[in-house]
$ cat run_35.csv   # CSV, C-alpha atoms
chain,number,residue,atom,x,y,z
W,1,GLY,CA,185.0,101.3,234.4
W,2,LYS,CA,182.6,99.0,236.2
W,3,THR,CA,179.3,100.5,237.5
W,4,ILE,CA,178.8,100.6,241.3
W,5,GLU,CA,176.2,97.8,240.9
W,6,ASN,CA,178.7,95.6,239.2
W,7,LEU,CA,181.4,96.3,241.7
W,8,ILE,CA,179.2,95.3,244.6
W,9,ALA,CA,177.7,92.3,242.7
W,10,SER,CA,181.2,91.0,242.0
W,11,GLY,CA,182.4,91.5,245.7
W,12,GLU,CA,184.7,94.4,244.9
W,13,TYR,CA,183.4,96.3,248.0
W,14,ALA,CA,186.6,98.3,248.7
W,15,ALA,CA,186.7,99.6,245.1
W,16,ALA,CA,183.0,100.4,245.2
W,17,THR,CA,183.5,102.3,248.5
W,18,ARG,CA,186.3,104.4,247.0
W,19,LYS,CA,184.2,105.3,244.0
W,20,ILE,CA,181.2,106.2,246.1
W,21,SER,CA,183.3,108.2,248.6
W,22,ARG,CA,184.6,110.5,245.9
W,23,LYS,CA,181.0,111.2,244.9
W,24,LEU,CA,179.6,111.7,248.4
W,25,ASP,CA,182.5,113.5,250.1
W,26,THR,CA,181.9,116.7,248.1
W,27,ALA,CA,178.2,116.6,249.2
W,28,ARG,CA,179.4,116.3,252.9
W,29,ILE,CA,181.6,119.4,253.1
W,30,ALA,CA,181.3,121.3,256.3
W,31,ASP,CA,180.5,124.7,254.8
W,32,PRO,CA,176.7,124.8,254.2
W,33,VAL,CA,176.9,127.8,251.9
W,34,ALA,CA,179.5,126.1,249.7
W,35,ALA,CA,177.5,122.9,249.7
W,36,SER,CA,174.4,124.7,248.5
W,37,TYR,CA,176.1,125.5,245.2
W,38,LEU,CA,177.1,121.9,244.6
W,39,ALA,CA,174.8,119.5,242.8
W,40,GLN,CA,173.6,116.9,245.3
W,41,PRO,CA,174.2,113.3,244.4
W,42,GLU,CA,171.3,111.0,243.6
W,43,PRO,CA,169.9,109.3,246.7
W,44,SER,CA,170.9,105.9,245.3
W,45,TRP,CA,174.5,106.7,246.0
W,46,TYR,CA,173.7,106.6,249.7
W,47,PHE,CA,172.1,103.2,249.2
W,48,TYR,CA,175.2,101.9,247.4
W,49,ALA,CA,177.4,103.3,250.1
W,50,GLY,CA,175.3,101.6,252.7
W,51,LYS,CA,175.2,98.2,250.9
W,52,ALA,CA,179.0,98.3,250.3
W,53,ALA,CA,179.7,99.1,253.9
W,54,TYR,CA,177.3,96.3,255.0
W,55,ARG,CA,179.1,93.8,252.8
W,56,GLN,CA,182.4,94.8,254.6
W,57,GLN,CA,180.7,94.4,258.0
W,58,ASN,CA,181.1,98.1,258.7
W,59,PHE,CA,177.7,98.4,260.3
W,60,ALA,CA,178.1,102.0,261.5
W,61,ASP,CA,178.6,103.4,258.0
W,62,ALA,CA,176.1,101.1,256.5
W,63,ARG,CA,173.4,102.2,258.9
W,64,SER,CA,174.0,105.9,258.5
W,65,ASN,CA,174.1,105.7,254.7
W,66,LEU,CA,171.0,103.5,254.4
W,67,LEU,CA,169.0,105.7,256.8
W,68,GLU,CA,170.2,108.8,254.8
W,69,TYR,CA,168.9,107.1,251.7
W,70,LEU,CA,165.5,106.3,253.2
W,71,ASN,CA,165.2,109.9,254.5
W,72,ARG,CA,165.7,111.2,251.0
W,73,VAL,CA,163.2,109.0,249.2
W,74,GLN,CA,159.6,108.0,249.5
W,75,THR,CA,159.2,104.7,247.7
W,76,THR,CA,161.9,103.3,245.4
W,77,SER,CA,163.1,99.9,244.2
W,78,TYR,CA,165.8,100.0,246.9
W,79,GLN,CA,163.5,100.7,249.9
W,80,ASN,CA,162.8,97.1,250.7
W,81,GLU,CA,166.4,96.1,250.4
W,82,SER,CA,167.5,99.0,252.6
W,83,LEU,CA,165.0,98.1,255.3
W,84,TYR,CA,166.0,94.4,255.1
W,85,LEU,CA,169.7,95.2,255.5
W,86,LEU,CA,169.0,97.4,258.5
W,87,GLY,CA,167.0,94.5,260.0
W,88,ALA,CA,169.8,92.0,259.2
W,89,MET,CA,172.4,94.2,261.0
W,90,ALA,CA,170.2,94.5,264.0
W,91,ILE,CA,169.9,90.7,264.1
W,92,GLU,CA,173.6,90.3,264.1
W,93,GLU,CA,173.9,92.9,266.9
W,94,GLN,CA,171.2,91.1,268.9
W,95,ASP,CA,168.9,94.1,268.9
W,96,VAL,CA,165.7,92.1,268.3
W,97,GLU,CA,163.2,95.0,268.7
W,98,SER,CA,165.1,97.2,266.2
W,99,ALA,CA,165.3,94.2,263.8
W,100,LEU,CA,161.6,93.6,264.0
W,101,LEU,CA,160.8,97.3,263.5
W,102,HIS,CA,162.8,97.4,260.2
W,103,LEU,CA,161.7,94.0,259.0
W,104,GLU,CA,158.0,94.9,259.6
W,105,LEU,CA,158.4,98.1,257.5
W,106,VAL,CA,159.4,96.1,254.4
W,107,ASP,CA,156.6,96.7,252.0
W,108,LYS,CA,154.5,93.8,250.7
W,109,ASN,CA,153.9,95.8,247.5
W,110,GLY,CA,157.6,96.5,246.9
W,111,ASP,CA,160.4,94.1,246.0
W,112,GLN,CA,158.9,90.7,246.7
W,113,SER,CA,162.2,88.9,247.2
W,114,TYR,CA,163.1,91.2,250.2
W,115,TYR,CA,159.6,91.1,251.5
W,116,GLN,CA,159.7,87.3,251.7
W,117,LEU,CA,163.2,87.3,253.2
W,118,ALA,CA,162.1,89.8,255.8
W,119,GLY,CA,159.1,87.7,256.6
W,120,LEU,CA,161.2,84.6,257.1
W,121,GLU,CA,163.5,86.5,259.4
W,122,ALA,CA,160.7,88.2,261.4
W,123,GLY,CA,158.8,84.9,261.8
W,124,GLN,CA,161.9,83.3,263.3
W,125,LEU,CA,162.5,86.3,265.7
W,126,LEU,CA,158.9,86.2,266.8
W,127,TYR,CA,159.1,82.5,267.4
W,128,ASP,CA,162.3,82.9,269.4
W,129,LEU,CA,160.5,85.5,271.5
W,130,ARG,CA,157.7,82.9,272.1
W,131,ARG,CA,155.2,85.2,270.3
W,132,PHE,CA,153.9,82.2,268.5
W,133,GLU,CA,150.6,83.6,267.3
W,134,GLU,CA,152.4,86.6,265.6
W,135,SER,CA,155.0,84.3,264.2
W,136,LEU,CA,152.3,82.0,262.7
W,137,THR,CA,150.6,84.9,261.1
W,138,ARG,CA,153.9,86.2,259.6
W,139,TYR,CA,154.7,82.9,258.0
W,140,LYS,CA,151.1,82.4,256.7
W,141,GLY,CA,151.3,85.9,255.1
W,142,LEU,CA,154.2,84.9,252.9
W,143,GLY,CA,152.1,82.9,250.5
W,144,ASN,CA,153.8,80.8,247.9
W,145,LEU,CA,157.6,81.2,248.0
W,146,PRO,CA,159.8,80.8,244.9
W,147,ALA,CA,162.4,78.3,246.4
W,148,VAL,CA,161.4,74.9,247.7
W,149,GLN,CA,163.7,75.3,250.7
W,150,GLN,CA,162.0,78.5,251.7
W,151,GLN,CA,158.5,77.0,251.3
W,152,MET,CA,159.5,74.0,253.4
W,153,LEU,CA,160.8,76.3,256.1
W,154,ALA,CA,157.7,78.5,256.1
W,155,ASN,CA,155.4,75.5,256.3
W,156,SER,CA,157.5,73.8,258.9
W,157,MET,CA,157.6,76.9,261.2
W,158,GLN,CA,153.8,77.2,260.9
W,159,ILE,CA,153.5,73.6,262.3
W,160,ARG,CA,156.0,74.3,265.1
W,161,ASN,CA,154.0,77.4,266.1
W,162,LEU,CA,150.8,75.4,266.0
W,163,ILE,CA,152.4,72.8,268.3
W,164,GLN,CA,153.4,75.6,270.8
W,165,LEU,CA,149.9,77.1,270.7
W,166,GLY,CA,148.4,73.7,271.6
W,167,ARG,CA,146.5,73.5,268.3
W,168,ASP,CA,147.3,69.8,267.9
W,169,LYS,CA,144.6,68.9,265.4
W,170,GLU,CA,145.8,71.6,262.9
W,171,ALA,CA,149.4,70.7,263.5
W,172,LYS,CA,148.7,67.0,262.7
W,173,SER,CA,146.8,67.9,259.6
W,174,GLN,CA,149.5,70.2,258.3
W,175,THR,CA,152.2,67.6,259.2
W,176,ASP,CA,150.4,65.1,257.0
W,177,ALA,CA,150.2,67.6,254.2
W,178,PHE,CA,153.9,68.4,254.7
W,179,LYS,CA,154.9,64.8,254.3
W,180,LYS,CA,152.7,64.4,251.2
W,181,THR,CA,154.2,67.5,249.6
W,182,PHE,CA,157.8,67.3,250.6
W,183,GLY,CA,158.3,63.8,251.9
W,184,LYS,CA,160.7,62.7,249.1
W,185,ASN,CA,162.9,65.8,249.5
W,186,LYS,CA,166.1,64.9,251.3
W,187,GLU,CA,165.8,68.0,253.6
W,188,ALA,CA,162.3,66.9,254.8
W,189,ASN,CA,163.9,64.7,257.5
W,190,ASP,CA,165.2,67.7,259.3
W,191,HIS,CA,161.8,69.4,259.4
W,192,LEU,CA,160.1,66.2,260.5
W,193,ALA,CA,162.6,65.9,263.3
W,194,SER,CA,161.9,69.5,264.3
W,195,PHE,CA,158.2,68.6,264.9
W,196,GLU,CA,159.1,65.8,267.3
W,197,TYR,CA,161.6,68.1,269.0
W,198,GLU,CA,159.0,70.9,269.3
W,199,ARG,CA,156.5,68.5,270.9
W,200,GLY,CA,159.2,67.6,273.4
W,201,LYS,CA,159.8,71.3,274.2
W,202,LYS,CA,156.1,71.9,274.6
W,203,ALA,CA,155.7,69.0,277.0
W,204,PHE,CA,158.7,70.2,279.0
W,205,THR,CA,157.2,73.7,279.3
W,206,ASN,CA,154.0,72.0,280.6
W,207,LYS,CA,156.2,70.1,283.1
W,208,SER,CA,155.3,66.8,281.5
W,209,TYR,CA,158.8,65.5,281.8
W,210,ASP,CA,158.3,61.8,280.9
W,211,PRO,CA,156.5,62.6,277.6
W,212,ALA,CA,159.2,65.3,276.9
W,213,LEU,CA,161.8,62.6,277.3
W,214,ARG,CA,159.9,60.3,274.9
W,215,TYR,CA,159.6,62.9,272.2
W,216,GLN,CA,163.4,63.7,272.4
W,217,LYS,CA,164.3,60.1,272.3
W,218,ASN,CA,162.0,59.7,269.3
W,219,VAL,CA,164.2,62.3,267.5
W,220,LEU,CA,167.3,60.2,268.1
W,221,LYS,CA,165.5,57.0,267.1
W,222,LYS,CA,163.6,58.2,264.0
W,223,HIS,CA,165.8,61.1,262.8
W,224,LYS,CA,169.3,60.3,264.2
W,225,ASN,CA,171.0,61.8,261.1
W,226,SER,CA,169.1,65.1,261.3
W,227,SER,CA,170.5,68.3,262.5
W,228,TYR,CA,168.2,68.1,265.5
W,229,ALA,CA,170.0,65.0,266.9
W,230,ASP,CA,172.4,67.0,269.1
W,231,ASP,CA,169.6,69.3,270.1
W,232,ALA,CA,167.5,66.3,271.3
W,233,LYS,CA,170.4,64.7,273.1
W,234,TYR,CA,171.2,68.0,275.0
W,235,PHE,CA,167.5,68.5,275.8
W,236,ILE,CA,167.4,65.0,277.3
W,237,ALA,CA,170.2,66.1,279.7
W,238,ARG,CA,168.2,69.3,280.5
W,239,ILE,CA,165.1,67.3,281.3
W,240,GLN,CA,167.1,64.9,283.5
W,241,THR,CA,168.7,67.9,285.3
W,242,THR,CA,165.3,69.4,286.0
W,243,MET,CA,164.1,66.0,287.3
W,244,ASN,CA,167.1,65.9,289.7
W,245,ARG,CA,168.4,62.8,287.9
W,246,THR,CA,171.9,64.1,288.3
W,247,LYS,CA,173.8,60.9,287.4
W,248,ASP,CA,171.7,60.3,284.3
W,249,ALA,CA,172.2,63.9,283.3
W,250,LEU,CA,176.0,63.8,283.6
W,251,LYS,CA,176.1,60.5,281.8
W,252,THR,CA,174.0,62.1,278.9
W,253,LEU,CA,176.3,65.1,278.8
W,254,ASP,CA,179.4,62.8,278.6
W,255,GLU,CA,177.8,60.9,275.7
W,256,PHE,CA,176.9,64.2,274.0
W,257,GLN,CA,180.5,65.4,274.1
W,258,LYS,CA,181.7,62.2,272.6
W,259,GLN,CA,179.0,62.0,269.9
W,260,TYR,CA,178.8,65.7,268.9
W,261,PRO,CA,182.3,67.2,269.5
W,262,GLY,CA,181.6,69.9,266.9
W,263,SER,CA,178.2,70.9,268.1
W,264,ASP,CA,177.4,74.6,268.7
W,265,LEU,CA,175.7,73.4,271.9
W,266,LEU,CA,178.9,72.6,273.7
W,267,GLY,CA,178.7,75.9,275.6
W,268,ASN,CA,175.2,75.0,276.8
W,269,VAL,CA,176.6,71.6,277.9
W,270,TYR,CA,179.1,73.2,280.2
W,271,LEU,CA,176.6,75.6,281.6
W,272,THR,CA,174.4,72.7,282.5
W,273,ARG,CA,177.3,71.0,284.1
W,274,ALA,CA,177.9,74.1,286.1
W,275,GLU,CA,174.3,74.2,287.2
W,276,ILE,CA,174.6,70.6,288.4
W,277,HIS,CA,177.8,71.2,290.3
W,278,PHE,CA,176.6,74.4,291.9
W,279,ARG,CA,173.4,72.6,293.0
W,280,ASP,CA,175.6,70.0,294.6
W,281,GLU,CA,177.7,72.7,296.3
W,282,GLN,CA,180.8,71.8,294.2
W,283,GLU,CA,181.8,75.3,293.6
W,284,ASP,CA,185.3,74.6,292.1
W,285,LEU,CA,183.9,72.2,289.5
W,286,GLY,CA,181.1,74.7,288.8
W,287,LEU,CA,183.5,77.5,288.3
W,288,ALA,CA,185.7,75.4,286.0
W,289,ALA,CA,182.6,74.5,283.9
W,290,VAL,CA,181.5,78.1,283.6
W,291,LYS,CA,185.0,79.1,282.5
W,292,LYS,CA,184.9,76.4,279.8
W,293,ALA,CA,181.5,77.6,278.6
W,294,THR,CA,182.8,81.1,278.1
W,295,GLU,CA,185.8,79.8,276.2
W,296,ILE,CA,184.0,77.5,273.7
W,297,ALA,CA,180.5,79.1,273.4
W,298,THR,CA,179.9,79.9,269.7
W,299,THR,CA,176.4,81.5,269.8
W,300,PRO,CA,176.3,85.1,270.9
W,301,SER,CA,173.5,84.5,273.4
W,302,VAL,CA,175.3,81.6,275.2
W,303,LYS,CA,178.6,83.5,275.2
W,304,ARG,CA,176.9,86.5,276.8
W,305,SER,CA,175.0,84.5,279.4
W,306,SER,CA,178.0,82.4,280.3
W,307,LEU,CA,180.1,85.5,280.8
W,308,ALA,CA,177.4,87.0,283.0
W,309,LEU,CA,177.3,83.7,285.0
W,310,LEU,CA,181.0,83.7,285.4
W,311,ILE,CA,180.9,87.3,286.8
W,312,ASN,CA,178.2,86.2,289.3
W,313,THR,CA,180.3,83.1,290.2
W,314,TYR,CA,183.4,85.1,290.9
W,315,GLN,CA,181.3,87.5,293.0
W,316,ASN,CA,179.6,84.7,295.0
W,317,MET,CA,183.0,83.2,295.7
W,318,GLY,CA,184.6,86.5,296.7
W,319,LEU,CA,187.1,86.4,293.8
W,320,TRP,CA,187.1,90.1,293.2
W,321,ASP,CA,190.0,90.3,290.7
W,322,GLY,CA,188.3,87.8,288.4
W,323,ALA,CA,184.9,89.6,288.8
W,324,LEU,CA,186.6,92.9,287.9
W,325,GLN,CA,188.3,91.5,284.8
W,326,LYS,CA,185.2,89.8,283.4
W,327,THR,CA,182.9,92.7,284.2
W,328,ARG,CA,185.2,95.0,282.2
W,329,GLU,CA,185.2,92.4,279.4
W,330,TYR,CA,181.4,92.3,279.5
W,331,ILE,CA,181.1,96.1,279.3
W,332,SER,CA,183.6,96.2,276.3
W,333,LEU,CA,181.7,93.4,274.4
W,334,TYR,CA,178.1,94.6,275.2
W,335,PRO,CA,178.2,98.4,275.6
W,336,ASN,CA,174.5,98.7,274.7
W,337,ALA,CA,173.2,95.9,277.0
W,338,SER,CA,170.1,96.8,279.0
W,339,ALA,CA,171.8,96.2,282.4
W,340,ILE,CA,175.1,97.9,281.4
W,341,MET,CA,174.8,100.6,284.1
W,342,SER,CA,174.4,97.9,286.7
W,343,LYS,CA,177.6,96.3,285.4
W,344,LYS,CA,179.5,99.6,285.6
W,345,ILE,CA,178.4,100.2,289.2
W,346,SER,CA,179.5,96.6,290.0
W,347,ILE,CA,183.1,97.6,289.0
W,348,GLY,CA,183.1,100.2,291.8
W,349,ILE,CA,181.7,97.7,294.2
W,350,PHE,CA,184.3,95.0,293.3
W,351,LEU,CA,187.1,97.6,293.6
W,352,SER,CA,185.9,98.4,297.1
W,353,ARG,CA,185.7,94.8,298.1
W,354,ALA,CA,189.3,94.4,296.8
W,355,ASN,CA,190.2,97.2,299.3
W,356,ARG,CA,191.0,99.6,296.4
W,357,TYR,CA,188.8,102.3,297.9
W,358,THR,CA,190.3,105.4,296.3
W,359,GLU,CA,190.2,103.8,292.9
W,360,ALA,CA,186.6,102.7,293.5
W,361,LEU,CA,185.5,106.3,294.6
W,362,ASP,CA,187.2,107.9,291.6
W,363,TYR,CA,185.5,105.4,289.2
W,364,LEU,CA,182.0,105.8,290.7
W,365,GLN,CA,182.3,109.6,290.5
W,366,LYS,CA,183.2,109.4,286.8
W,367,ILE,CA,180.1,107.3,285.9

$ encode --input "run_35.csv" --output "structure tokens"
Amino acid sequence: GKTIENLIASGEYAAATRKISRKLDTARIADPVAASYLAQPEPSWYFYAGKAAYRQQNFADARSNLLEYLNRVQTTSYQNESLYLLGAMAIEEQDVESALLHLELVDKNGDQSYYQLAGLEAGQLLYDLRRFEESLTRYKGLGNLPAVQQQMLANSMQIRNLIQLGRDKEAKSQTDAFKKTFGKNKEANDHLASFEYERGKKAFTNKSYDPALRYQKNVLKKHKNSSYADDAKYFIARIQTTMNRTKDALKTLDEFQKQYPGSDLLGNVYLTRAEIHFRDEQEDLGLAAVKKATEIATTPSVKRSSLALLINTYQNMGLWDGALQKTREYISLYPNASAIMSKKISIGIFLSRANRYTEALDYLQKI
């Protein structure tokens, strides 16, 4: 039959898992005396089990098998891939620190393909955390990458980090080099748009709102067909909201929804609408906007923040049944969130406010 490698490579993950399980189940019998008489499987079987589970989105089994594999070996050809997969799972689970830990352990002297992939992922995470100097160092350390798209991304992110660090002369020099090297590539437009967008973000952070608006409008003028067009349009609304230009902001948000109906920023749009309505003491409109944000948010971070805001909104408006329902949903979706105990205690408080005192006391005693 097919080897485990071939089964996984061809996407036959269930078949691979069955074959691996037969091999590993005998090594996992409960009786330690009996187990000592059995030949232990090669450590690579745990790697295959972990990889097959990962491909099937079974992260619990994937993690336990990959960690078992790493515990049984020192350095092997699968070490970098194992660490990369552990990092990739942590990214999907929004456990950023765990992701960085595993990605940083990927060995530069090991499998280069996974070292480079880990570097690209780690660089992005560090950038998202606003650790721009570390992100810049990570991208620089990747050297020459095999794929043009990867090299463009690494060079582009170096420029964006330089902009955020205020190293404008270096950023301009590298931007000129980027245009010279990649200017004819059809994907270069997206990266060039990102530099303009980044300068707008930097100006906004520095509270230079008029320059921030100009940079974002430049994205729409020079790079209207780039993937940053919707980002720039939304950012214009955010800047207008910050400047208390409420009518302009709402007009921009209306235009956004007409121009980019499939954008993954629609959840953010409704959160910004909610912010405007709450600021104008229009609670019902604000609540409706937050509800809509929770319904349509596609990115995990926005979905989570919109749900947290909805809970706070229900609480502030004294709508205890809604607060209870959404808090329970939050706990179910994010059991490992840093503020999870606070959310659990909130359930007891909301039950009490809803005059369900006995239920509240029983619940609080259990936690």

$ residues_near_point --input "run_35.csv" --point "(162.9, 92.9, 257.5)" --cutoff "9 Å" --atoms "only C-alpha atoms" --output "list of chain:residue names"
W:Asn80, W:Glu81, W:Leu83, W:Tyr84, W:Leu85, W:Leu86, W:Gly87, W:Ala88, W:Ala99, W:Leu100, W:Leu101, W:His102, W:Leu103, W:Glu104, W:Leu105, W:Val106, W:Tyr114, W:Tyr115, W:Gln116, W:Leu117, W:Ala118, W:Gly119, W:Leu120, W:Glu121, W:Ala122

$ residues_near_point --input "run_35.csv" --point "(164.8, 64.3, 277.8)" --cutoff "10 Å" --atoms "all atoms listed in the file" --output "list in words"
Gly200, Lys201, Phe204, Tyr209, Asp210, Pro211, Ala212, Leu213, Arg214, Tyr215, Gln216, Lys217, Ala232, Lys233, Tyr234, Phe235, Ile236, Ala237, Arg238, Ile239, Gln240, Thr241, Thr242, Met243, Ala249 and Thr252 of chain W

$ write_last_selection --input "run_35.csv" --atoms "C-alpha atoms" --output "compact mmCIF listing (two decimals), keeping the file's coordinate frame"
# COMPACT_ATOMS: atom_id res chain seq x y z
CA GLY W 200 159.20 67.60 273.40
CA LYS W 201 159.80 71.30 274.20
CA PHE W 204 158.70 70.20 279.00
CA TYR W 209 158.80 65.50 281.80
CA ASP W 210 158.30 61.80 280.90
CA PRO W 211 156.50 62.60 277.60
CA ALA W 212 159.20 65.30 276.90
CA LEU W 213 161.80 62.60 277.30
CA ARG W 214 159.90 60.30 274.90
CA TYR W 215 159.60 62.90 272.20
CA GLN W 216 163.40 63.70 272.40
CA LYS W 217 164.30 60.10 272.30
CA ALA W 232 167.50 66.30 271.30
CA LYS W 233 170.40 64.70 273.10
CA TYR W 234 171.20 68.00 275.00
CA PHE W 235 167.50 68.50 275.80
CA ILE W 236 167.40 65.00 277.30
CA ALA W 237 170.20 66.10 279.70
CA ARG W 238 168.20 69.30 280.50
CA ILE W 239 165.10 67.30 281.30
CA GLN W 240 167.10 64.90 283.50
CA THR W 241 168.70 67.90 285.30
CA THR W 242 165.30 69.40 286.00
CA MET W 243 164.10 66.00 287.30
CA ALA W 249 172.20 63.90 283.30
CA THR W 252 174.00 62.10 278.90

$ atom_distance --input "run_35.csv" --atom1 "CA of Gly123 in chain W" --atom2 "CA of Ser301 in chain W"
18.7 Å

$ closest_residue --input "run_35.csv" --among "W:Phe195, W:Tyr334, W:Tyr363, W:Phe132" --to "Leu153 in chain W" --atoms "all atoms listed in the file"
W:Phe195

$ atom_distance --input "run_35.csv" --atom1 "CA of Phe47 in chain W" --atom2 "CA of Tyr69 in chain W"
5.6 Å

$ residues_around --input "run_35.csv" --residues "range 177-189 of chain W" --least-positions-apart "3" --cutoff "7 Å" --atoms "all atoms listed in the file" --output "list in words"
Ser173, Gln174, Leu192, Ala193, His223 and Ser226 of chain W

$ closest_residue --input "run_35.csv" --among "W:Thr298, W:Asn6, W:Gln79, W:Asn225" --to "Asn109 in chain W" --atoms "all atoms listed in the file"
W:Gln79

$ atom_distance --input "run_35.csv" --atom1 "CA of Leu66 in chain W" --atom2 "CA of Pro300 in chain W"
25.3 Å

$ residues_around --input "run_35.csv" --residues "Gln56 in chain W" --least-positions-apart "3" --cutoff "7 Å" --atoms "all atoms listed in the file" --output "ChimeraX atom specification"
/W:13,52-53

$ closest_residue --input "run_35.csv" --among "W:Ser156, W:Lys291, W:Ala14, W:Val302" --to "Tyr314 in chain W" --atoms "all atoms listed in the file"
W:Lys291

$ closest_residue --input "run_35.csv" --among "W:Thr175, W:Ser305, W:Asn316, W:Asn161" --to "Leu129 in chain W" --atoms "all atoms listed in the file"
W:Asn161

$ closest_residue --input "run_35.csv" --among "W:Ala288, W:Ala293, W:Leu70, W:Leu310" --to "Ser82 in chain W" --atoms "only C-alpha atoms"
W:Leu70

$ residues_around --input "run_35.csv" --residues "Leu351 in chain W" --least-positions-apart "2" --cutoff "12 Å" --atoms "all atoms listed in the file" --output "list in words"
Gln315, Gly318, Leu319, Trp320, Asp321, Gly322, Ala323, Leu324, Gln325, Thr327, Arg328, Lys344, Ile345, Ser346, Ile347, Gly348, Ile349, Arg353, Ala354, Asn355, Arg356, Tyr357, Thr358, Glu359, Ala360, Leu361, Asp362, Tyr363 and Leu364 of chain W

$ write_last_selection --input "run_35.csv" --atoms "C-alpha atoms" --output "tab-separated table (two decimals), in the frame of the given file"
chain	number	residue	atom	x	y	z
W	315	GLN	CA	181.30	87.50	293.00
W	318	GLY	CA	184.60	86.50	296.70
W	319	LEU	CA	187.10	86.40	293.80
W	320	TRP	CA	187.10	90.10	293.20
W	321	ASP	CA	190.00	90.30	290.70
W	322	GLY	CA	188.30	87.80	288.40
W	323	ALA	CA	184.90	89.60	288.80
W	324	LEU	CA	186.60	92.90	287.90
W	325	GLN	CA	188.30	91.50	284.80
W	327	THR	CA	182.90	92.70	284.20
W	328	ARG	CA	185.20	95.00	282.20
W	344	LYS	CA	179.50	99.60	285.60
W	345	ILE	CA	178.40	100.20	289.20
W	346	SER	CA	179.50	96.60	290.00
W	347	ILE	CA	183.10	97.60	289.00
W	348	GLY	CA	183.10	100.20	291.80
W	349	ILE	CA	181.70	97.70	294.20
W	353	ARG	CA	185.70	94.80	298.10
W	354	ALA	CA	189.30	94.40	296.80
W	355	ASN	CA	190.20	97.20	299.30
W	356	ARG	CA	191.00	99.60	296.40
W	357	TYR	CA	188.80	102.30	297.90
W	358	THR	CA	190.30	105.40	296.30
W	359	GLU	CA	190.20	103.80	292.90
W	360	ALA	CA	186.60	102.70	293.50
W	361	LEU	CA	185.50	106.30	294.60
W	362	ASP	CA	187.20	107.90	291.60
W	363	TYR	CA	185.50	105.40	289.20
W	364	LEU	CA	182.00	105.80	290.70

$ closest_residue --input "run_35.csv" --among "W:Tyr197, W:Tyr260, W:Ser77, W:Gly11" --to "Asn218 in chain W" --atoms "all atoms listed in the file"
W:Tyr197

$ axis_aligned_box --input "run_35.csv" --around "range 248-267 of chain W" --padding-each-side "8 Å" --output "JSON"
{"center_x": 177.0, "center_y": 68.1, "center_z": 275.6, "size_x": 26.6, "size_y": 31.6, "size_z": 33.4}

$ residues_around --input "run_35.csv" --residues "Lys292 in chain W" --least-positions-apart "4" --cutoff "12 Å" --atoms "only C-alpha atoms" --output "PyMOL selection string"
chain W and resi 266-274+285-288+296-298+302-303+306-307+309-310
